[in-house]
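Just below is one structure, and these are the notes that go with it.
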Amino acid sequence: PEEIRVYEFAEKINKSVSEVIKELFSLGVMFTKNDFLDKDSIEILADTFGVNVTTVNDQEAFDYVKAYDEEGEAGEQHLVERAPVITIMGHVDHGKTSLLDYIRSAKVAAGEAGGITQHVGAYMVEKNGRNITFIDTPGHEAFTEMRSRGAKVTDIVIVVVAADDGVKPQTKEAIEHAKAAGVPIIIAVNKMDKEAANPDLVKAQLAELGITPIDWGGEHEFVPVSAKTGMGIEDLLETILLQADLLELKADPSREVKATVIESSLEKGRGPVATVVIEDGTIRVGDIVVAGIAFGKVKALLNDLGQSVKEALPGEPVVVLGLSEVPGAGETLISVKTDKIAREYAKKKAEYLRQKELSKTTKVSLDDLSAMI
Ligand code: GDP
Ligand code: MG
C-alpha cells in the first residue's frame with residue numbers, strides 16, 4: 001500500500017494542506033491532514049495540480065527480479081552444472097578466517113600469491129577439476145539480512161567448531177540460521193592439531209541439537225580439520241563436492257545475468273565497486289545492469305585475484321565496476337536490454353526506499369507528538 005499522508009503529499013507538491021483538503025472535498029471525499037491517501041486520490045490530485053507522481057509498493061520495487069525469473073521459466077533452458085556457493089559460520093575464534101585463508105592460499109598458485117593479500121568478499125578454488133566458491137561473510141547478521149531480502153546466496157553452510165572449545169552460543173546461532181534457510185550443514189571440527197581437541201564431545205553436543213554425525217547414524221558430515229596444519233582440508237573440499245552433487249546445482253549460462261551483491265563499497269579512483277556471486281546466466285563487460293538503486297554499464301570485471309576478466313559464470317564470484325551507486329549487500333543484480341530500463345528500475349527502487357523511510361519518520365514524529373500531549 002502507498003504510505004503517504006495528506007500533509008506529506010502537500011509538502012511534496014508544494015501546495016498548502018488546506019488546498020489539498022479543499023480539492024479532495026470538492027471530489028466528495030473527506031480527509032484530514034494526517035490521513036493516508038489512497039492510490040486513486042493521489043492520481044486524481046496529481047492530475048488536478050499538474051504534477052507527476054509515481055506510486056510504488058514492495059512488489060514493484062522487486063519486479064525486475066520477478067520479471068527475470070518469469071522470463072527464465074518461459075524460455076528454453078540450457079542447464080549445466082554450476083559451482084556450489086559455500087558460507088562458513090561459527091563461534092568467534094573457532095577458526096573461520098583461518099580456514100578460509102588456508103583453503104585460499106593452498107589453492108592459489110605461487111605466481112599469483114600477490115593477489116592474496118587483498119581482501120575479497122568471495123573467492124573460488126578448484127578441487128578435482130571442479131570449482132567451489134566461498135563467501136567471506138562478515139557474520140550472521142549479514143547472512144540473515146541477505147536472506148530476508150530473499151537472496152539465495154549460499155548452497156551449503158559449513159559450521160566451524162573448535163575441537164578444544166566445543167559448541168558455543170554462536171555455534172547454535174549459526175545452526176539455527178542455516179536450518180531456517182533450509183541449507184545443508186557440514187560440520188568442520190577444527191583445531192584438531194591441539195592437544196585438548198575432543199571431537200567426540202563436539203559430536204555429542206551437536207547431536208543434542210539435532211545435528212547427528214553420519215557415523216552415529218545421523219545425516220551430517222563431520223570433518224576433522226586443522227586450519228593450522230592443513231589436516232583434513234582436502235577431505236572437507238571433497239565432502240563439499242559430494243554434498244553439492246546431491247543438490248544437483250544447475251544454471252543456464254546462456255541467459256542474461258542474475259547475481260547477488262555480497263559486499264560493496266566506494267573506492268577511490270574506481271567508484272562504486274560490488275562483489276557479486278552469479279546465481280544464473282553470464283555477466284560480461286559491457287552488459288547494462290541494475291542492482292537496487294544502482295545501475296550502469298559494466299566497465300570491468302575482476303576475479304578474486306584482482307585480475308581483469310571478460311565474463312563470469314554461474315556460481316562464480318566477480319567484482320563489478322561501472323555502477324552509478326553503491327548497491328546494498330543482498331541486492332539482486334540483473335542485466336537488462338537498455339540503459340533506459342536500467343534507469344527506470346533503479347529509480348523505482350530509490351523511490352520505494354524513500355517512501356519507506358518517509359513512513360518511518362512519520363511514525364516517529366506522531367509518536368513524539370503523542371508523547372508531548
Ligand atoms: P574466527 O574468529 O572464527 O575467524 O577465528 P580465527 O580464524 O581468527 O582464529 C582464531 C584463533 O585460533 C587464531 O589465533 C588462529 O590462529 C587460531 N586457530 C584457528 N584455527 C586453528 C587450528 O586449526 N589450530 C590451531 N592450533 N589454532 C587455530
Ligand atoms: Mg574471523
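As shown in the C-alpha cells, the chain order sets the letters A, B, ...; within each chain, residues go from 1, and ligands are also counted from 1 in the order they appear.
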
Please build the interface table for chain A against ligand 1 with a cut-off of 7 Å, listing for each qualifying residue the nearest atom pair and the distance in Å to one decimal; count only C-alpha atoms and all ligand atoms, order rows by chain and increasing number, and write it as a Markdown table.
```
| residue | atom | partner | partner_atom_place_in_ligand_line | distance |
| --- | --- | --- | --- | --- |
| A:Gly90 | CA | ligand 1 | 3 (O) | 6.3 |
| A:His91 | CA | ligand 1 | 3 (O) | 6.0 |
| A:Val92 | CA | ligand 1 | 2 (O) | 3.9 |
| A:Asp93 | CA | ligand 1 | 2 (O) | 3.3 |
| A:His94 | CA | ligand 1 | 3 (O) | 4.2 |
| A:Gly95 | CA | ligand 1 | 5 (O) | 3.4 |
| A:Lys96 | CA | ligand 1 | 3 (O) | 3.7 |
| A:Thr97 | CA | ligand 1 | 4 (O) | 3.7 |
| A:Ser98 | CA | ligand 1 | 7 (O) | 3.6 |
| A:Leu99 | CA | ligand 1 | 7 (O) | 6.4 |
| A:Asn190 | CA | ligand 1 | 23 (O) | 5.1 |
| A:Lys191 | CA | ligand 1 | 23 (O) | 3.3 |
| A:Met192 | CA | ligand 1 | 23 (O) | 6.1 |
| A:Asp193 | CA | ligand 1 | 24 (N) | 5.7 |
| A:Lys194 | CA | ligand 1 | 26 (N) | 5.4 |
| A:Val225 | CA | ligand 1 | 23 (O) | 6.6 |
| A:Ser226 | CA | ligand 1 | 23 (O) | 3.5 |
| A:Ala227 | CA | ligand 1 | 23 (O) | 3.8 |
| A:Lys228 | CA | ligand 1 | 23 (O) | 4.4 |
| A:Thr229 | CA | ligand 1 | 23 (O) | 6.8 |
```

Expected file: the selected residues, all heavy atoms, as a short mmCIF file (atom, residue, chain, number, x, y, z; two decimals), in the first residue's frame:
```cif
data_model
loop_
_atom_site.label_atom_id
_atom_site.label_comp_id
_atom_site.auth_asym_id
_atom_site.auth_seq_id
_atom_site.Cartn_x
_atom_site.Cartn_y
_atom_site.Cartn_z
N GLY A 90 30.26 -19.82 12.41
CA GLY A 90 30.69 -20.48 13.65
C GLY A 90 31.04 -19.46 14.71
O GLY A 90 31.05 -18.25 14.45
N HIS A 91 31.33 -19.96 15.89
CA HIS A 91 31.64 -19.09 17.03
C HIS A 91 32.95 -18.33 16.79
O HIS A 91 33.85 -18.82 16.11
CB HIS A 91 31.75 -19.94 18.30
CG HIS A 91 31.68 -19.12 19.55
ND1 HIS A 91 30.52 -18.53 19.98
CD2 HIS A 91 32.63 -18.79 20.46
CE1 HIS A 91 30.75 -17.87 21.11
NE2 HIS A 91 32.03 -18.02 21.43
N VAL A 92 33.02 -17.16 17.40
CA VAL A 92 34.21 -16.33 17.26
C VAL A 92 35.45 -17.10 17.75
O VAL A 92 35.37 -17.85 18.73
CB VAL A 92 34.05 -14.98 18.01
CG1 VAL A 92 33.93 -15.19 19.52
CG2 VAL A 92 35.18 -14.01 17.70
N ASP A 93 36.54 -16.95 17.01
CA ASP A 93 37.83 -17.59 17.34
C ASP A 93 37.87 -19.10 17.11
O ASP A 93 38.83 -19.75 17.50
CB ASP A 93 38.26 -17.29 18.79
CG ASP A 93 38.81 -15.88 18.94
OD1 ASP A 93 39.10 -15.26 17.89
OD2 ASP A 93 38.93 -15.39 20.07
N HIS A 94 36.83 -19.64 16.53
CA HIS A 94 36.88 -21.09 16.27
C HIS A 94 37.61 -21.42 14.96
O HIS A 94 37.84 -22.59 14.67
CB HIS A 94 35.46 -21.70 16.29
CG HIS A 94 34.99 -21.99 17.69
ND1 HIS A 94 33.94 -22.80 17.97
CD2 HIS A 94 35.46 -21.55 18.89
CE1 HIS A 94 33.76 -22.87 19.30
NE2 HIS A 94 34.68 -22.11 19.86
N GLY A 95 37.94 -20.36 14.19
CA GLY A 95 38.83 -20.56 13.05
C GLY A 95 38.22 -20.34 11.67
O GLY A 95 38.75 -20.86 10.68
N LYS A 96 37.16 -19.54 11.58
CA LYS A 96 36.53 -19.26 10.27
C LYS A 96 37.52 -18.61 9.31
O LYS A 96 37.72 -19.09 8.18
CB LYS A 96 35.31 -18.33 10.43
CG LYS A 96 34.20 -18.90 11.26
CD LYS A 96 33.05 -17.93 11.41
CE LYS A 96 33.41 -16.69 12.20
NZ LYS A 96 33.66 -16.96 13.63
N THR A 97 38.14 -17.53 9.78
CA THR A 97 39.07 -16.79 8.91
C THR A 97 40.28 -17.66 8.57
O THR A 97 40.70 -17.71 7.41
CB THR A 97 39.52 -15.48 9.61
OG1 THR A 97 38.35 -14.72 9.93
CG2 THR A 97 40.42 -14.66 8.72
N SER A 98 40.80 -18.38 9.57
CA SER A 98 41.97 -19.23 9.33
C SER A 98 41.66 -20.29 8.28
O SER A 98 42.48 -20.59 7.41
CB SER A 98 42.40 -19.91 10.62
OG SER A 98 42.63 -18.96 11.63
N LEU A 99 40.47 -20.86 8.38
CA LEU A 99 40.08 -21.92 7.46
C LEU A 99 39.97 -21.37 6.02
O LEU A 99 40.50 -21.96 5.08
CB LEU A 99 38.73 -22.48 7.90
CG LEU A 99 38.41 -23.93 7.60
CD1 LEU A 99 39.50 -24.85 8.08
CD2 LEU A 99 37.08 -24.32 8.25
N ASN A 190 37.35 -28.16 13.93
CA ASN A 190 38.65 -27.51 13.71
C ASN A 190 39.58 -27.62 14.92
O ASN A 190 39.17 -28.05 15.99
CB ASN A 190 38.40 -26.04 13.34
CG ASN A 190 39.65 -25.35 12.83
OD1 ASN A 190 40.49 -25.98 12.19
ND2 ASN A 190 39.78 -24.05 13.11
N LYS A 191 40.80 -27.22 14.71
CA LYS A 191 41.86 -27.21 15.74
C LYS A 191 42.18 -28.62 16.24
O LYS A 191 42.47 -28.83 17.43
CB LYS A 191 41.47 -26.29 16.92
CG LYS A 191 41.09 -24.86 16.47
CD LYS A 191 41.22 -23.85 17.58
CE LYS A 191 40.70 -22.49 17.13
NZ LYS A 191 40.87 -21.43 18.13
N MET A 192 42.11 -29.58 15.30
CA MET A 192 42.40 -30.97 15.65
C MET A 192 43.86 -31.19 16.02
O MET A 192 44.22 -32.22 16.59
CB MET A 192 41.99 -31.90 14.50
CG MET A 192 40.49 -32.10 14.37
SD MET A 192 39.73 -32.85 15.81
CE MET A 192 40.34 -34.53 15.65
N ASP A 193 44.71 -30.22 15.66
CA ASP A 193 46.13 -30.33 16.00
C ASP A 193 46.38 -30.09 17.48
O ASP A 193 47.43 -30.42 18.02
CB ASP A 193 46.92 -29.30 15.18
CG ASP A 193 46.46 -27.88 15.45
OD1 ASP A 193 45.36 -27.50 14.97
OD2 ASP A 193 47.16 -27.14 16.15
N LYS A 194 45.40 -29.53 18.15
CA LYS A 194 45.61 -29.18 19.57
C LYS A 194 45.46 -30.40 20.48
O LYS A 194 44.64 -31.28 20.23
CB LYS A 194 44.60 -28.11 19.98
CG LYS A 194 44.94 -26.71 19.46
CD LYS A 194 44.07 -25.69 20.13
CE LYS A 194 44.79 -24.38 20.35
NZ LYS A 194 43.93 -23.45 21.11
N VAL A 225 39.38 -31.19 10.98
CA VAL A 225 40.36 -30.38 10.22
C VAL A 225 41.28 -29.60 11.14
O VAL A 225 41.03 -29.49 12.35
CB VAL A 225 39.65 -29.36 9.27
CG1 VAL A 225 38.80 -30.06 8.23
CG2 VAL A 225 38.82 -28.37 10.06
N SER A 226 42.33 -29.08 10.56
CA SER A 226 43.16 -28.11 11.26
C SER A 226 43.52 -27.01 10.28
O SER A 226 44.15 -27.26 9.26
CB SER A 226 44.44 -28.75 11.79
OG SER A 226 45.34 -27.71 12.18
N ALA A 227 43.11 -25.81 10.59
CA ALA A 227 43.42 -24.68 9.72
C ALA A 227 44.89 -24.28 9.89
O ALA A 227 45.43 -23.50 9.12
CB ALA A 227 42.51 -23.49 10.06
N LYS A 228 45.52 -24.86 10.91
CA LYS A 228 46.92 -24.55 11.16
C LYS A 228 47.82 -25.47 10.34
O LYS A 228 48.72 -25.01 9.64
CB LYS A 228 47.23 -24.71 12.64
CG LYS A 228 48.58 -24.15 13.05
CD LYS A 228 48.78 -24.32 14.55
CE LYS A 228 50.20 -23.94 14.95
NZ LYS A 228 50.44 -24.32 16.36
N THR A 229 47.58 -26.77 10.40
CA THR A 229 48.44 -27.72 9.68
C THR A 229 47.88 -28.09 8.30
O THR A 229 48.60 -28.63 7.46
CB THR A 229 48.59 -29.04 10.47
OG1 THR A 229 47.30 -29.70 10.50
CG2 THR A 229 49.04 -28.78 11.89
#
```

Nearby residues (only C-alpha atoms) at most 8 Å from Gly271 in chain A, same-chain spacing under 6 positions excluded, as a PDB file with C-alpha atoms, in the first residue's frame:
```pdb
ATOM      1  CA  LEU A 321      32.944  -1.889 -11.808  1.00  0.00           C
ATOM      2  CA  GLY A 322      30.882   0.764 -13.577  1.00  0.00           C
ATOM      3  CA  LEU A 323      27.821   1.168 -11.349  1.00  0.00           C
TER       4      LEU A 323
END
```

Inset, instruction - Would you please work out which residue, of A:Ser105, A:Thr87, A:Glu234, A:Glu221, is nearest to Leu305 in chain A when using only C-alpha atoms? - result: A:Ser105

Legend entry - Selected residue, from A:Met89, A:Phe25, A:Ser41, A:Lys258, that lies nearest to ligand 2 when counting only C-alpha atoms and all ligand atoms: A:Met89

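Using only C-alpha atoms and all ligand atoms, the shortest contact distance between ligand 2 and any of A:Met30, A:Ala188, A:Val160, A:Ile21 is found at A:Val160.
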
Inset, instruction - Find the spatial neighbours of Val298 in chain A, counting only C-alpha atoms, within a cut-off of 8 Å - ignore same-chain residues fewer than 4 positions away - and output them as a VMD selection string. - result: chain A and resid 284 to 289 320 to 323

Deliver the residues from the most recent selection as a file, using C-alpha atoms, as a CSV table (one decimal), in the first residue's frame.
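Generated file (result-v1.csv):
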```csv
chain,number,residue,atom,x,y,z
A,284,ARG,CA,30.1,-9.7,-19.4
A,285,VAL,CA,32.0,-6.5,-19.7
A,286,GLY,CA,29.6,-4.1,-21.5
A,287,ASP,CA,26.4,-5.5,-20.0
A,288,ILE,CA,23.9,-3.0,-18.8
A,289,VAL,CA,23.0,-3.9,-15.3
A,320,VAL,CA,31.8,-5.4,-10.9
A,321,LEU,CA,32.9,-1.9,-11.8
A,322,GLY,CA,30.9,0.8,-13.6
A,323,LEU,CA,27.8,1.2,-11.3
```

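Among the candidates A:Glu267, A:Thr48, A:Glu279, A:Lys33, the residue lying nearest to Val17 in chain A is A:Lys33 (atoms considered: only C-alpha atoms).
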
Inset, instruction - Would you mind listing what lies within 10 Å of Val85 in chain A as a VMD selection string, with only C-alpha atoms counted and same-chain residues fewer than 2 positions away left out? - result: chain A and resid 82 to 83 87 122 to 124 131 to 135 152 to 157 240 244 249 277 to 279 314 to 317

Generate a file of the selected residues that holds N, CA and C atoms, formatted as a compact mmCIF listing (two decimals), in the first residue's frame.
```txt
# COMPACT_ATOMS: atom_id res chain seq x y z
N ARG A 82 26.71 -25.98 -12.04
CA ARG A 82 27.41 -24.77 -11.61
C ARG A 82 28.16 -25.02 -10.31
N ALA A 83 29.08 -24.13 -9.99
CA ALA A 83 29.87 -24.25 -8.76
C ALA A 83 28.99 -24.04 -7.54
N THR A 87 29.16 -20.88 2.58
CA THR A 87 29.37 -19.87 3.62
C THR A 87 29.90 -20.58 4.86
N ALA A 122 34.56 -12.77 -1.68
CA ALA A 122 34.26 -14.15 -2.08
C ALA A 122 35.38 -14.63 -2.97
N TYR A 123 35.67 -15.91 -2.92
CA TYR A 123 36.68 -16.44 -3.83
C TYR A 123 36.35 -17.86 -4.24
N MET A 124 37.06 -18.32 -5.26
CA MET A 124 36.76 -19.63 -5.82
C MET A 124 38.02 -20.47 -5.83
N ASN A 131 34.92 -26.30 -9.50
CA ASN A 131 35.08 -25.08 -8.72
C ASN A 131 34.17 -25.06 -7.49
N ILE A 132 34.68 -24.44 -6.44
CA ILE A 132 33.90 -24.21 -5.22
C ILE A 132 34.07 -22.74 -4.87
N THR A 133 32.94 -22.07 -4.62
CA THR A 133 33.00 -20.65 -4.25
C THR A 133 32.77 -20.49 -2.76
N PHE A 134 33.64 -19.72 -2.12
CA PHE A 134 33.49 -19.42 -0.70
C PHE A 134 33.14 -17.95 -0.51
N ILE A 135 32.17 -17.71 0.36
CA ILE A 135 31.83 -16.33 0.68
C ILE A 135 32.41 -16.01 2.04
N LYS A 152 19.30 -15.84 -2.38
CA LYS A 152 19.74 -17.22 -2.15
C LYS A 152 21.24 -17.25 -2.39
N VAL A 153 21.98 -16.80 -1.40
CA VAL A 153 23.41 -16.63 -1.62
C VAL A 153 24.23 -17.87 -1.37
N THR A 154 23.69 -18.80 -0.63
CA THR A 154 24.55 -19.90 -0.25
C THR A 154 23.86 -21.26 -0.43
N ASP A 155 24.63 -22.24 -0.90
CA ASP A 155 24.08 -23.57 -1.12
C ASP A 155 24.31 -24.49 0.07
N ILE A 156 25.47 -24.31 0.70
CA ILE A 156 25.87 -25.17 1.82
C ILE A 156 26.51 -24.29 2.89
N VAL A 157 26.18 -24.55 4.15
CA VAL A 157 26.83 -23.82 5.24
C VAL A 157 27.81 -24.76 5.94
N ILE A 240 32.31 -31.28 0.46
CA ILE A 240 31.51 -30.20 -0.14
C ILE A 240 31.02 -30.62 -1.53
N ALA A 244 27.30 -31.15 -2.83
CA ALA A 244 26.86 -30.37 -4.00
C ALA A 244 26.22 -31.29 -5.04
N LEU A 249 23.10 -28.78 -8.42
CA LEU A 249 23.07 -27.34 -8.69
C LEU A 249 23.25 -27.08 -10.18
N VAL A 277 28.02 -12.68 -6.53
CA VAL A 277 28.13 -14.09 -6.86
C VAL A 277 27.04 -14.38 -7.88
N ILE A 278 27.43 -14.96 -9.00
CA ILE A 278 26.48 -15.19 -10.08
C ILE A 278 25.54 -16.35 -9.74
N GLU A 279 24.26 -16.07 -9.79
CA GLU A 279 23.27 -17.12 -9.49
C GLU A 279 22.88 -17.84 -10.78
N PRO A 314 27.79 -18.86 -13.79
CA PRO A 314 27.01 -19.20 -12.60
C PRO A 314 27.85 -19.86 -11.50
N GLY A 315 27.64 -19.40 -10.27
CA GLY A 315 28.37 -19.93 -9.13
C GLY A 315 29.65 -19.17 -8.87
N GLU A 316 30.08 -18.34 -9.84
CA GLU A 316 31.36 -17.66 -9.68
C GLU A 316 31.22 -16.30 -9.00
N PRO A 317 32.25 -15.92 -8.24
CA PRO A 317 32.28 -14.58 -7.68
C PRO A 317 33.00 -13.64 -8.63
```
